[in-house]
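One file, final.txt, is given below (compact mmCIF, C-alpha atoms).
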```
# COMPACT_ATOMS: atom_id res chain seq x y z
CA MET A 1 85.61 31.54 -11.26
CA THR A 2 84.17 28.08 -11.71
CA THR A 3 81.37 27.26 -14.06
CA ASN A 4 79.13 24.22 -14.11
CA LEU A 5 80.04 22.17 -17.17
CA LEU A 6 77.38 19.50 -16.65
CA PRO A 7 74.77 21.20 -18.90
CA GLU A 8 77.32 21.06 -21.74
CA PHE A 9 77.47 17.26 -21.51
CA VAL A 10 73.74 16.54 -21.17
CA PRO A 11 72.85 16.70 -24.92
CA GLY A 12 75.72 14.34 -25.73
CA MET A 13 74.99 11.77 -23.02
CA PRO A 14 73.98 8.98 -25.46
CA GLU A 15 77.26 9.39 -27.33
CA ILE A 16 79.27 9.56 -24.10
CA PHE A 17 77.51 6.44 -22.81
CA LEU A 18 78.24 4.53 -26.03
CA LEU A 19 81.90 5.60 -25.94
CA ILE A 20 82.38 4.55 -22.31
CA PHE A 21 80.57 1.25 -22.92
CA SER A 22 82.72 0.59 -26.01
CA LEU A 23 85.94 1.20 -24.11
CA ALA A 24 84.73 -0.95 -21.20
CA LEU A 25 83.90 -3.77 -23.63
CA LEU A 26 87.35 -3.43 -25.16
CA MET A 27 88.91 -3.94 -21.75
CA ILE A 28 86.55 -6.81 -20.90
CA GLY A 29 87.24 -8.51 -24.22
CA ALA A 30 90.98 -8.14 -23.82
CA PHE A 31 91.00 -9.92 -20.47
CA ARG A 32 88.40 -12.62 -21.18
CA SER A 33 89.00 -15.82 -23.10
CA ARG A 34 88.72 -15.83 -26.87
CA GLN A 35 85.90 -18.38 -26.79
CA ASP A 36 83.68 -16.01 -24.81
CA THR A 37 83.01 -13.58 -27.66
CA ASP A 38 79.25 -14.08 -27.46
CA PHE A 39 79.25 -12.20 -24.15
CA VAL A 40 80.92 -9.17 -25.74
CA ILE A 41 78.54 -9.26 -28.74
CA ASN A 42 75.50 -9.48 -26.45
CA CYS A 43 76.84 -6.60 -24.36
CA GLY A 44 77.30 -4.62 -27.57
CA LEU A 45 73.69 -5.29 -28.53
CA LEU A 46 72.62 -4.19 -25.05
CA ALA A 47 74.70 -1.00 -25.30
CA LEU A 48 73.25 -0.08 -28.69
CA GLY A 49 69.72 -0.70 -27.40
CA LEU A 50 70.27 1.34 -24.25
CA THR A 51 71.78 4.16 -26.29
CA ALA A 52 68.69 4.15 -28.53
CA VAL A 53 66.46 4.37 -25.45
CA MET A 54 68.58 7.20 -24.02
CA THR A 55 68.34 9.04 -27.33
CA MET A 56 64.56 8.64 -27.47
CA LEU A 57 64.20 9.87 -23.88
CA SER A 58 66.40 12.93 -24.36
CA PRO A 59 64.64 16.30 -24.77
CA ASP A 60 63.57 16.89 -28.35
CA HIS A 61 63.91 20.68 -28.35
CA GLN A 62 67.03 22.16 -29.93
CA GLN A 63 70.06 22.25 -27.68
CA LEU A 64 73.52 23.52 -28.52
CA SER A 65 76.54 22.44 -26.54
CA PHE A 66 80.33 22.64 -26.67
CA HIS A 67 80.21 26.24 -27.88
CA GLY A 68 77.74 25.43 -30.65
CA MET A 69 79.69 22.51 -32.13
CA PHE A 70 77.13 19.88 -31.10
CA VAL A 71 73.41 20.22 -31.80
CA THR A 72 70.48 18.05 -30.82
CA ASN A 73 66.92 18.49 -32.02
CA LYS A 74 64.03 16.35 -33.25
CA PHE A 75 65.75 15.55 -36.55
CA THR A 76 69.05 14.51 -34.99
CA GLN A 77 67.16 12.47 -32.41
CA LEU A 78 65.24 10.60 -35.13
CA ALA A 79 68.34 10.05 -37.26
CA LYS A 80 70.32 8.73 -34.28
CA VAL A 81 67.55 6.32 -33.30
CA MET A 82 67.39 5.01 -36.87
CA ILE A 83 71.19 4.59 -36.95
CA LEU A 84 71.17 2.78 -33.60
CA LEU A 85 68.31 0.47 -34.56
CA ALA A 86 69.95 -0.37 -37.89
CA SER A 87 73.27 -0.99 -36.14
CA THR A 88 71.61 -3.24 -33.59
CA LEU A 89 69.92 -5.26 -36.33
CA VAL A 90 73.14 -5.59 -38.33
CA LEU A 91 75.19 -6.62 -35.29
CA TYR A 92 72.57 -9.21 -34.38
CA ALA A 93 72.33 -10.50 -37.97
CA THR A 94 76.10 -10.92 -38.31
CA LYS A 95 76.46 -13.23 -35.30
CA ASP A 96 75.99 -16.35 -37.45
CA HIS A 97 78.15 -14.95 -40.24
CA LEU A 98 81.03 -14.39 -37.83
CA GLU A 99 80.69 -17.96 -36.56
CA GLN A 100 80.53 -19.41 -40.07
CA TYR A 101 83.64 -17.63 -41.36
CA LYS A 102 85.61 -17.93 -38.10
CA LEU A 103 85.70 -14.17 -37.60
CA LYS A 104 84.26 -14.22 -34.10
CA ARG A 105 86.50 -11.81 -32.24
CA PHE A 106 85.69 -9.45 -29.41
CA GLU A 107 87.02 -6.52 -31.46
CA TYR A 108 84.14 -6.76 -33.95
CA PRO A 109 81.34 -5.40 -31.71
CA VAL A 110 83.66 -2.78 -30.21
CA LEU A 111 84.67 -1.46 -33.64
CA PHE A 112 81.07 -1.65 -34.78
CA MET A 113 79.97 0.45 -31.80
CA LEU A 114 82.71 3.02 -32.44
CA CYS A 115 81.62 3.19 -36.09
CA THR A 116 78.05 3.82 -34.91
CA LEU A 117 79.35 6.49 -32.53
CA GLY A 118 81.04 8.23 -35.46
CA MET A 119 77.75 8.23 -37.38
CA MET A 120 75.95 9.71 -34.39
CA CYS A 121 78.59 12.43 -34.07
CA MET A 122 78.22 13.28 -37.76
CA VAL A 123 74.46 13.68 -37.32
CA SER A 124 74.89 16.10 -34.41
CA ALA A 125 77.79 18.05 -35.87
CA ASN A 126 77.07 21.76 -36.21
CA ASP A 127 80.31 22.66 -37.94
CA LEU A 128 82.77 21.23 -40.43
CA LEU A 129 85.27 20.16 -37.78
CA GLY A 130 82.74 18.05 -35.87
CA LEU A 131 81.55 16.52 -39.14
CA PHE A 132 85.13 15.63 -40.04
CA VAL A 133 85.88 14.06 -36.65
CA GLY A 134 82.71 11.94 -36.83
CA LEU A 135 83.50 10.88 -40.38
CA GLU A 136 87.03 9.85 -39.45
CA MET A 137 85.83 7.93 -36.39
CA GLN A 138 83.43 6.01 -38.60
CA SER A 139 85.96 5.49 -41.39
CA LEU A 140 88.84 4.29 -39.22
CA SER A 141 86.60 1.71 -37.57
CA LEU A 142 85.37 0.54 -40.96
CA TYR A 143 88.92 0.19 -42.29
CA VAL A 144 89.68 -2.31 -39.54
CA LEU A 145 86.34 -4.09 -39.93
CA VAL A 146 86.99 -4.61 -43.63
CA ALA A 147 90.39 -6.15 -42.86
CA MET A 148 89.11 -8.50 -40.11
CA ALA A 149 89.31 -11.61 -42.33
CA ARG A 150 93.09 -11.69 -42.42
CA GLN A 151 93.19 -15.22 -43.87
CA GLN A 152 91.51 -14.17 -47.10
CA GLY A 153 93.56 -12.07 -49.48
CA TYR A 154 90.55 -10.20 -50.79
CA SER A 155 89.86 -8.76 -47.33
CA THR A 156 93.34 -7.28 -47.01
CA GLU A 157 93.19 -5.97 -50.57
CA ALA A 158 89.78 -4.40 -49.98
CA ALA A 159 90.96 -2.76 -46.76
CA LEU A 160 94.03 -1.32 -48.46
CA LYS A 161 92.00 0.06 -51.35
CA TYR A 162 89.42 1.47 -48.95
CA PHE A 163 92.15 3.10 -46.87
CA VAL A 164 93.81 4.72 -49.90
CA LEU A 165 90.46 5.95 -51.20
CA GLY A 166 89.54 7.23 -47.72
CA ALA A 167 92.86 9.05 -47.35
CA LEU A 168 92.31 10.73 -50.71
CA ALA A 169 88.75 11.69 -49.79
CA THR A 170 89.99 13.06 -46.45
CA THR A 171 92.42 15.40 -48.19
CA PHE A 172 89.66 16.71 -50.45
CA ILE A 173 87.32 17.23 -47.50
CA LEU A 174 89.96 19.13 -45.53
CA TYR A 175 90.95 21.22 -48.54
CA GLY A 176 87.30 22.03 -49.28
CA SER A 177 86.71 22.91 -45.64
CA SER A 178 89.67 25.27 -45.66
CA LEU A 179 88.32 26.96 -48.80
CA ILE A 180 84.88 27.33 -47.21
CA TYR A 181 86.49 28.79 -44.10
CA GLY A 182 88.46 31.21 -46.28
CA PHE A 183 85.35 32.41 -48.10
CA ALA A 184 82.80 32.36 -45.27
CA GLY A 185 85.07 33.19 -42.34
CA THR A 186 83.48 30.44 -40.21
CA ILE A 187 83.18 26.68 -40.15
CA GLU A 188 79.79 26.59 -38.41
CA PHE A 189 76.89 25.46 -40.59
CA PRO A 190 74.52 28.32 -39.65
CA GLY A 191 77.24 30.85 -40.49
CA ILE A 192 78.05 29.19 -43.81
```
As structure tokens:
Amino acid sequence: MTTNLLPEFVPGMPEIFLLIFSLALLMIGAFRSRQDTDFVINCGLLALGLTAVMTMLSPDHQQLSFHGMFVTNKFTQLAKVMILLASTLVLYATKDHLEQYKLKRFEYPVLFMLCTLGMMCMVSANDLLGLFVGLEMQSLSLYVLVAMARQQGYSTEAALKYFVLGALATTFILYGSSLIYGFAGTIEFPGI
């Protein structure tokens, strides 16, 4: 018995597109010269813009996919578009900053896009597990972004403190989620 899985993926197409584009940019950046970082940043801006357009053009009625773990509706669509527009503006605004402080690396837009992807996954999460995965995707990208200025000691110190604080917060979130599951018998938000 074969089932058509394509309808499961349709609500998450903007996220899937951003993930594939991020991984493609990672490969492109790894094989291009270090001086050609502007190309990767411009491609990142293009990817964030295209993802915002895809999100705006997606159906605005409520859709559940992946066995109810992923939800899209008007609110999630609006929140994702706001996240994508803010991310696009921040990535564009930091181009000069990266040049000034000699932080222009191809990893920056890739990590920034993965961080944005984590935020989008958190918005569409319909259970505690999806929320946790989105939060960790965002946090792990931010840990590396904070530590990008390896020459300055404050950057490494900030990244280490952020990582320790994030690890502590992760344990509390997982413990709280297990308590909620124990009391409610489900991790889905409607059931809780």
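With distances restricted to all atoms listed in the file, A:Leu57 is the closest residue to Val10 (chain A) from A:Leu57, A:Val81, A:Ala159, A:Cys115.
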Would you pick out the contacts of Ile83 (chain A) at 9 Å or less, using only C-alpha atoms, so that residues sharing its chain but fewer than 3 positions from it are not included, and give the list as a CSV table (one decimal) with C-alpha atoms, in the coordinates of the input?
```csv
chain,number,residue,atom,x,y,z
A,52,ALA,CA,68.7,4.2,-28.5
A,78,LEU,CA,65.2,10.6,-35.1
A,79,ALA,CA,68.3,10.0,-37.3
A,80,LYS,CA,70.3,8.7,-34.3
A,86,ALA,CA,70.0,-0.4,-37.9
A,87,SER,CA,73.3,-1.0,-36.1
A,88,THR,CA,71.6,-3.2,-33.6
A,116,THR,CA,78.0,3.8,-34.9
A,119,MET,CA,77.8,8.2,-37.4
A,120,MET,CA,76.0,9.7,-34.4
```
Subject >> Residue neighbourhood Lys74 (chain A), 10 Å, only C-alpha atoms, exclusion window fewer than 6 positions, as a ChimeraX atom specification >> reply: /A:56,58-62,80
**OP:** Please provide the set of residues having any atom within 12 Å of Val133 (chain A), restricted to all atoms listed in the file, with same-chain residues fewer than 3 positions apart removed, written as a ChimeraX atom specification.
**Re:** /A:69-70,115,117-130,136-140,170,173-174
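Shortest separation to Ala24 (chain A) among A:Leu91, A:Leu165, A:Ile41, A:Val110 occurs at residue A:Val110, atoms counted being all atoms listed in the file.
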**OP:** Please identify all polymer residues within 12 Å of region 141-145 of chain A, counting all atoms listed in the file, omitting same-chain residues fewer than 3 positions from it, and present them as an MDAnalysis selection string.
**Re:** chainID A and resid 98 103:119 134:138 148:150 155:167
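The two atoms in question, CA of Gly29 (chain A) and CA of Leu48 (chain A), are spaced 16.9 Å apart.
The spacing separating CA of Leu89 (chain A) from CA of Phe31 (chain A) amounts to 26.8 Å.
The two atoms in question, CA of Leu50 (chain A) and CA of Glu15 (chain A), are spaced 11.1 Å apart.
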For region 66-82 of chain A, I'd like the enclosing box, axis-aligned and padded by 4 Å on every side, reported as JSON with centre and edge lengths in Å to one decimal.
```
{"center_x": 72.2, "center_y": 15.6, "center_z": -32.0, "size_x": 24.3, "size_y": 29.2, "size_z": 18.6}
```
Could you list, as a compact mmCIF listing (two decimals) with C-alpha atoms, in the coordinates of the input, every residue within 12 Å of Thr186 (chain A), counting only C-alpha atoms and ignoring same-chain residues fewer than 2 positions away?
```txt
# COMPACT_ATOMS: atom_id res chain seq x y z
CA MET A 69 79.69 22.51 -32.13
CA ASN A 126 77.07 21.76 -36.21
CA ASP A 127 80.31 22.66 -37.94
CA LEU A 128 82.77 21.23 -40.43
CA LEU A 129 85.27 20.16 -37.78
CA SER A 177 86.71 22.91 -45.64
CA SER A 178 89.67 25.27 -45.66
CA LEU A 179 88.32 26.96 -48.80
CA ILE A 180 84.88 27.33 -47.21
CA TYR A 181 86.49 28.79 -44.10
CA GLY A 182 88.46 31.21 -46.28
CA PHE A 183 85.35 32.41 -48.10
CA ALA A 184 82.80 32.36 -45.27
CA GLU A 188 79.79 26.59 -38.41
CA PHE A 189 76.89 25.46 -40.59
CA PRO A 190 74.52 28.32 -39.65
CA GLY A 191 77.24 30.85 -40.49
CA ILE A 192 78.05 29.19 -43.81
```
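If only C-alpha atoms are the atoms counted, then among A:Gly153, A:Tyr175, A:Leu168, A:Phe9 the closest residue to Phe66 (chain A) is A:Phe9.
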